[in-house]
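Asks: Contents of entry_34.cif (mmCIF, C-alpha atoms) are given next:
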```
data_protein
loop_
_atom_site.group_PDB
_atom_site.id
_atom_site.type_symbol
_atom_site.label_atom_id
_atom_site.label_comp_id
_atom_site.auth_asym_id
_atom_site.auth_seq_id
_atom_site.Cartn_x
_atom_site.Cartn_y
_atom_site.Cartn_z
ATOM 1 C CA MET A 1 36.819 26.637 5.818
ATOM 2 C CA LEU A 2 35.834 30.079 7.127
ATOM 3 C CA THR A 3 35.206 29.135 10.762
ATOM 4 C CA ASP A 4 38.412 30.563 12.238
ATOM 5 C CA LEU A 5 38.731 33.645 10.048
ATOM 6 C CA ASP A 6 37.994 37.166 11.307
ATOM 7 C CA ILE A 7 34.799 38.706 9.976
ATOM 8 C CA MET A 8 34.833 42.149 8.385
ATOM 9 C CA ALA A 9 31.780 44.247 7.570
ATOM 10 C CA VAL A 10 31.835 46.288 4.339
ATOM 11 C CA LEU A 11 29.697 49.419 3.963
ATOM 12 C CA PRO A 12 29.260 51.831 1.069
ATOM 13 C CA ALA A 13 29.646 55.625 1.263
ATOM 14 C CA LYS A 14 28.721 58.194 -1.359
ATOM 15 C CA ASP A 15 31.063 60.684 0.304
ATOM 16 C CA ILE A 16 34.005 59.059 2.084
ATOM 17 C CA ASN A 17 34.967 62.278 3.904
ATOM 18 C CA ARG A 18 31.423 62.792 5.195
ATOM 19 C CA ALA A 19 31.403 59.162 6.362
ATOM 20 C CA LYS A 20 34.771 59.621 8.104
ATOM 21 C CA ASP A 21 33.418 62.678 9.938
ATOM 22 C CA PHE A 22 30.251 60.800 11.007
ATOM 23 C CA TYR A 23 32.088 57.744 12.286
ATOM 24 C CA ARG A 24 34.548 59.969 14.188
ATOM 25 C CA ASP A 25 32.193 62.663 15.519
ATOM 26 C CA LYS A 26 29.063 60.586 16.194
ATOM 27 C CA LEU A 27 30.445 57.105 16.935
ATOM 28 C CA GLY A 28 33.905 57.946 18.281
ATOM 29 C CA LEU A 29 35.736 55.743 15.756
ATOM 30 C CA GLU A 30 39.045 56.557 14.110
ATOM 31 C CA PRO A 31 40.253 54.677 11.035
ATOM 32 C CA ALA A 32 43.071 52.224 11.679
ATOM 33 C CA GLU A 33 44.172 52.761 8.092
ATOM 34 C CA SER A 34 43.074 54.104 4.735
ATOM 35 C CA PRO A 35 44.005 51.410 2.210
ATOM 36 C CA GLU A 36 43.127 53.722 -0.708
ATOM 37 C CA ASP A 37 42.019 57.350 -1.079
ATOM 38 C CA ASP A 38 38.378 56.313 -1.298
ATOM 39 C CA SER A 39 38.217 53.815 1.580
ATOM 40 C CA LEU A 40 38.576 53.631 5.363
ATOM 41 C CA PHE A 41 39.284 50.645 7.600
ATOM 42 C CA TYR A 42 38.244 50.492 11.268
ATOM 43 C CA ARG A 43 39.216 47.813 13.788
ATOM 44 C CA GLY A 44 36.661 46.501 16.269
ATOM 45 C CA GLY A 45 36.770 44.047 19.133
ATOM 46 C CA HIS A 46 37.734 40.376 18.850
ATOM 47 C CA GLY A 47 39.391 40.648 15.437
ATOM 48 C CA THR A 48 36.446 42.318 13.735
ATOM 49 C CA GLY A 49 36.770 45.139 11.247
ATOM 50 C CA LEU A 50 34.789 47.576 9.140
ATOM 51 C CA LEU A 51 35.733 48.691 5.652
ATOM 52 C CA ILE A 52 33.940 51.726 4.212
ATOM 53 C CA TYR A 53 34.428 52.392 0.518
ATOM 54 C CA GLN A 54 33.171 55.122 -1.794
ATOM 55 C CA THR A 55 30.417 54.208 -4.277
ATOM 56 C CA ASP A 56 27.232 55.753 -5.630
ATOM 57 C CA ASN A 57 25.288 52.707 -4.358
ATOM 58 C CA ALA A 58 25.391 53.857 -0.733
ATOM 59 C CA GLY A 59 22.121 54.157 1.133
ATOM 60 C CA THR A 60 20.122 51.937 -1.229
ATOM 61 C CA ALA A 61 19.721 48.904 1.071
ATOM 62 C CA LYS A 62 16.517 48.762 3.100
ATOM 63 C CA ASN A 63 17.864 46.293 5.658
ATOM 64 C CA THR A 64 20.222 46.350 8.610
ATOM 65 C CA GLN A 65 23.716 46.280 7.206
ATOM 66 C CA MET A 66 25.898 46.109 10.301
ATOM 67 C CA GLY A 67 25.527 45.962 14.050
ATOM 68 C CA TRP A 68 27.311 45.984 17.370
ATOM 69 C CA ALA A 69 26.563 43.672 20.291
ATOM 70 C CA THR A 70 26.535 45.249 23.735
ATOM 71 C CA ASP A 71 25.734 44.222 27.289
ATOM 72 C CA ASN A 72 24.115 47.600 28.078
ATOM 73 C CA LEU A 73 21.961 48.842 25.209
ATOM 74 C CA GLU A 74 20.406 51.742 27.109
ATOM 75 C CA ARG A 75 23.836 53.155 28.026
ATOM 76 C CA GLU A 76 25.063 52.929 24.421
ATOM 77 C CA VAL A 77 21.894 54.570 23.078
ATOM 78 C CA GLU A 78 22.172 57.372 25.631
ATOM 79 C CA GLU A 79 25.842 58.021 24.812
ATOM 80 C CA LEU A 80 25.227 57.993 21.062
ATOM 81 C CA ARG A 81 22.240 60.332 21.414
ATOM 82 C CA ALA A 82 24.485 62.736 23.334
ATOM 83 C CA CYS A 83 26.728 62.744 20.239
ATOM 84 C CA GLY A 84 23.793 63.549 17.947
ATOM 85 C CA VAL A 85 22.828 60.073 16.713
ATOM 86 C CA VAL A 86 19.096 59.820 15.963
ATOM 87 C CA PHE A 87 17.483 56.425 16.501
ATOM 88 C CA GLU A 88 14.790 55.089 14.206
ATOM 89 C CA GLU A 89 11.235 54.436 15.387
ATOM 90 C CA TYR A 90 9.415 51.403 13.978
ATOM 91 C CA ASP A 91 5.810 50.287 14.362
ATOM 92 C CA MET A 92 5.111 47.281 12.173
ATOM 93 C CA PRO A 93 4.085 43.665 12.705
ATOM 94 C CA GLY A 94 6.842 41.963 14.679
ATOM 95 C CA LEU A 95 8.789 45.151 15.414
ATOM 96 C CA LYS A 96 7.795 48.102 17.583
ATOM 97 C CA THR A 97 10.234 50.501 19.185
ATOM 98 C CA GLU A 98 9.644 52.708 22.199
ATOM 99 C CA ASN A 99 12.040 55.623 22.527
ATOM 100 C CA GLY A 100 14.121 53.977 19.782
ATOM 101 C CA ILE A 101 14.436 50.557 21.455
ATOM 102 C CA ALA A 102 12.669 47.324 20.519
ATOM 103 C CA THR A 103 12.279 44.622 23.165
ATOM 104 C CA SER A 104 11.396 40.969 22.614
ATOM 105 C CA ASP A 105 12.171 37.495 23.943
ATOM 106 C CA TRP A 106 15.581 37.511 22.189
ATOM 107 C CA GLY A 107 16.635 40.800 23.791
ATOM 108 C CA LYS A 108 16.711 44.484 22.834
ATOM 109 C CA ALA A 109 17.781 46.360 19.734
ATOM 110 C CA ALA A 110 17.993 49.883 18.327
ATOM 111 C CA TRP A 111 18.656 51.127 14.794
ATOM 112 C CA PHE A 112 20.081 54.338 13.319
ATOM 113 C CA LEU A 113 21.300 55.620 9.967
ATOM 114 C CA ASP A 114 24.854 56.664 9.275
ATOM 115 C CA SER A 115 25.674 59.721 7.164
ATOM 116 C CA GLU A 116 25.407 57.608 3.996
ATOM 117 C CA GLY A 117 21.951 56.129 4.678
ATOM 118 C CA ASN A 118 23.235 52.734 5.843
ATOM 119 C CA ILE A 119 21.071 51.115 8.550
ATOM 120 C CA LEU A 120 23.158 50.274 11.616
ATOM 121 C CA ASN A 121 22.110 48.373 14.725
ATOM 122 C CA LEU A 122 22.904 47.910 18.385
ATOM 123 C CA SER A 123 21.656 44.770 20.109
ATOM 124 C CA GLN A 124 21.681 43.177 23.532
ATOM 125 C CA ARG A 125 20.764 39.520 23.866
ATOM 126 C CA ALA A 126 18.471 38.489 26.725
#
```
For this file, produce the structure as structure tokens.
Replies:
Amino acid sequence: MLTDLDIMAVLPAKDINRAKDFYRDKLGLEPAESPEDDSLFYRGGHGTGLLIYQTDNAGTAKNTQMGWATDNLEREVEELRACGVVFEEYDMPGLKTENGIATSDWGKAAWFLDSEGNILNLSQRA
């Protein structure tokens, strides 16, 4: 049923204007549209999309909420750091980062928080 449909991520924001500034200034994304005053819609590659909507529930999840796949993780991390993005450091069983990047048999990954406390991810498969 859902196999051929585009996938869209949905993220919460406590402050939609602060989120818009973060996604523009730190990630270089501009909204494709604003369906309502308290939401933003971004288009990604291959028919993907991201909807950000205003709610007080933002930043409460303790898991990765959205990610981007890349073929050059180090380049993306470097470019985002130049824009002020701070990458998380983890040291726990099964996950250890060095300079913000975790490496394992499946590939590499890095995590950062957006302005609303959502955990975002970049990954590169091996």
Asks: Give me, as JSON, numbers by chain, all polymer residues having an atom no more than 12 Å from Gly47 in chain A, counting all atoms listed in the file and skipping those fewer than 5 positions away in the same chain.
Replies: {"A": [4, 5, 6, 7, 8, 9, 42]}
Asks: Can you pull out the residues contacting range 23-39 of chain A? Cut-off 6 Å, using only C-alpha atoms, and skip same-chain residues under 2 positions away; I want them as number ranges by chain.
Replies: A: 20-21, 41-42, 52-54, 83
Asks: Write out as JSON lines the residues of range 12-67 of chain A that have any atom within 8 Å of an atom of range 104-125 of chain A, one row each with the nearest atom pair and its distance in Å to one decimal, counting only C-alpha atoms, sorted by chain and then rising number.
Replies:
```
{"residue": "A:Pro12", "atom": "CA", "partner": "A:Glu116", "partner_atom": "CA", "distance": 7.5}
{"residue": "A:Ala13", "atom": "CA", "partner": "A:Glu116", "partner_atom": "CA", "distance": 5.4}
{"residue": "A:Lys14", "atom": "CA", "partner": "A:Glu116", "partner_atom": "CA", "distance": 6.3}
{"residue": "A:Asp15", "atom": "CA", "partner": "A:Glu116", "partner_atom": "CA", "distance": 7.4}
{"residue": "A:Arg18", "atom": "CA", "partner": "A:Ser115", "partner_atom": "CA", "distance": 6.8}
{"residue": "A:Ala19", "atom": "CA", "partner": "A:Ser115", "partner_atom": "CA", "distance": 5.8}
{"residue": "A:Phe22", "atom": "CA", "partner": "A:Ser115", "partner_atom": "CA", "distance": 6.1}
{"residue": "A:Tyr23", "atom": "CA", "partner": "A:Asp114", "partner_atom": "CA", "distance": 7.9}
{"residue": "A:Ala58", "atom": "CA", "partner": "A:Glu116", "partner_atom": "CA", "distance": 6.0}
{"residue": "A:Gly59", "atom": "CA", "partner": "A:Gly117", "partner_atom": "CA", "distance": 4.1}
{"residue": "A:Thr60", "atom": "CA", "partner": "A:Gly117", "partner_atom": "CA", "distance": 7.5}
{"residue": "A:Ala61", "atom": "CA", "partner": "A:Asn118", "partner_atom": "CA", "distance": 7.1}
{"residue": "A:Lys62", "atom": "CA", "partner": "A:Ile119", "partner_atom": "CA", "distance": 7.5}
{"residue": "A:Asn63", "atom": "CA", "partner": "A:Ile119", "partner_atom": "CA", "distance": 6.5}
{"residue": "A:Thr64", "atom": "CA", "partner": "A:Ile119", "partner_atom": "CA", "distance": 4.8}
{"residue": "A:Gln65", "atom": "CA", "partner": "A:Ile119", "partner_atom": "CA", "distance": 5.7}
{"residue": "A:Met66", "atom": "CA", "partner": "A:Leu120", "partner_atom": "CA", "distance": 5.2}
{"residue": "A:Gly67", "atom": "CA", "partner": "A:Asn121", "partner_atom": "CA", "distance": 4.2}
```
Asks: So, counting all atoms listed in the file, which residue among A:Thr70, A:Val85, A:Gly45, A:Leu50 is closest to Val10 in chain A?
Replies: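 Closest to Val10 in chain A, using all atoms listed in the file: A:Leu50.
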Asks: Neighbouring residues of Val77 in chain A were defined as those with any atom within 9 Å, considering only C-alpha atoms; residues of the same chain fewer than 2 positions away were excluded. Please report them as a list in words.
Replies: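 Those residues are Asn72, Leu73, Glu74, Arg75, Glu79, Leu80, Arg81, Ala82, Val85, Phe87, Gly100, Ile101, Ala110 and Leu122 of chain A.
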Asks: What gap, in Å, lies between CA of His46 in chain A and CA of Trp68 in chain A?
Replies: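 Computing it gives 11.9 Å between the two atoms.
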Asks: To test the calculation: enclose all listed atoms of range 97-108 of chain A in a box whose edges run along x, y and z, add 6 Å on each side, then state centre and edge lengths in Å to one decimal, as lines of an AutoDock Vina configuration file.
Replies:
```
center_x = 13.2
center_y = 46.6
center_z = 21.6
size_x = 19.1
size_y = 30.1
size_z = 16.8
```
Asks: By how many Å are CA of Leu95 in chain A and CA of Ala126 in chain A apart?
Replies: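 Distance between the two atoms: 16.3 Å.
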Asks: Please compute the CA of Asn17 in chain A-CA of Leu40 in chain A distance, one decimal, in Å.
Replies: 9.5 Å
Asks: Find the residues around Asp91 in chain A up to 10 Å (all atoms listed in the file counted), leave out those fewer than 6 positions away in its own chain, and share them as an MDAnalysis selection string.
Replies: chainID A and resid 97:98 102
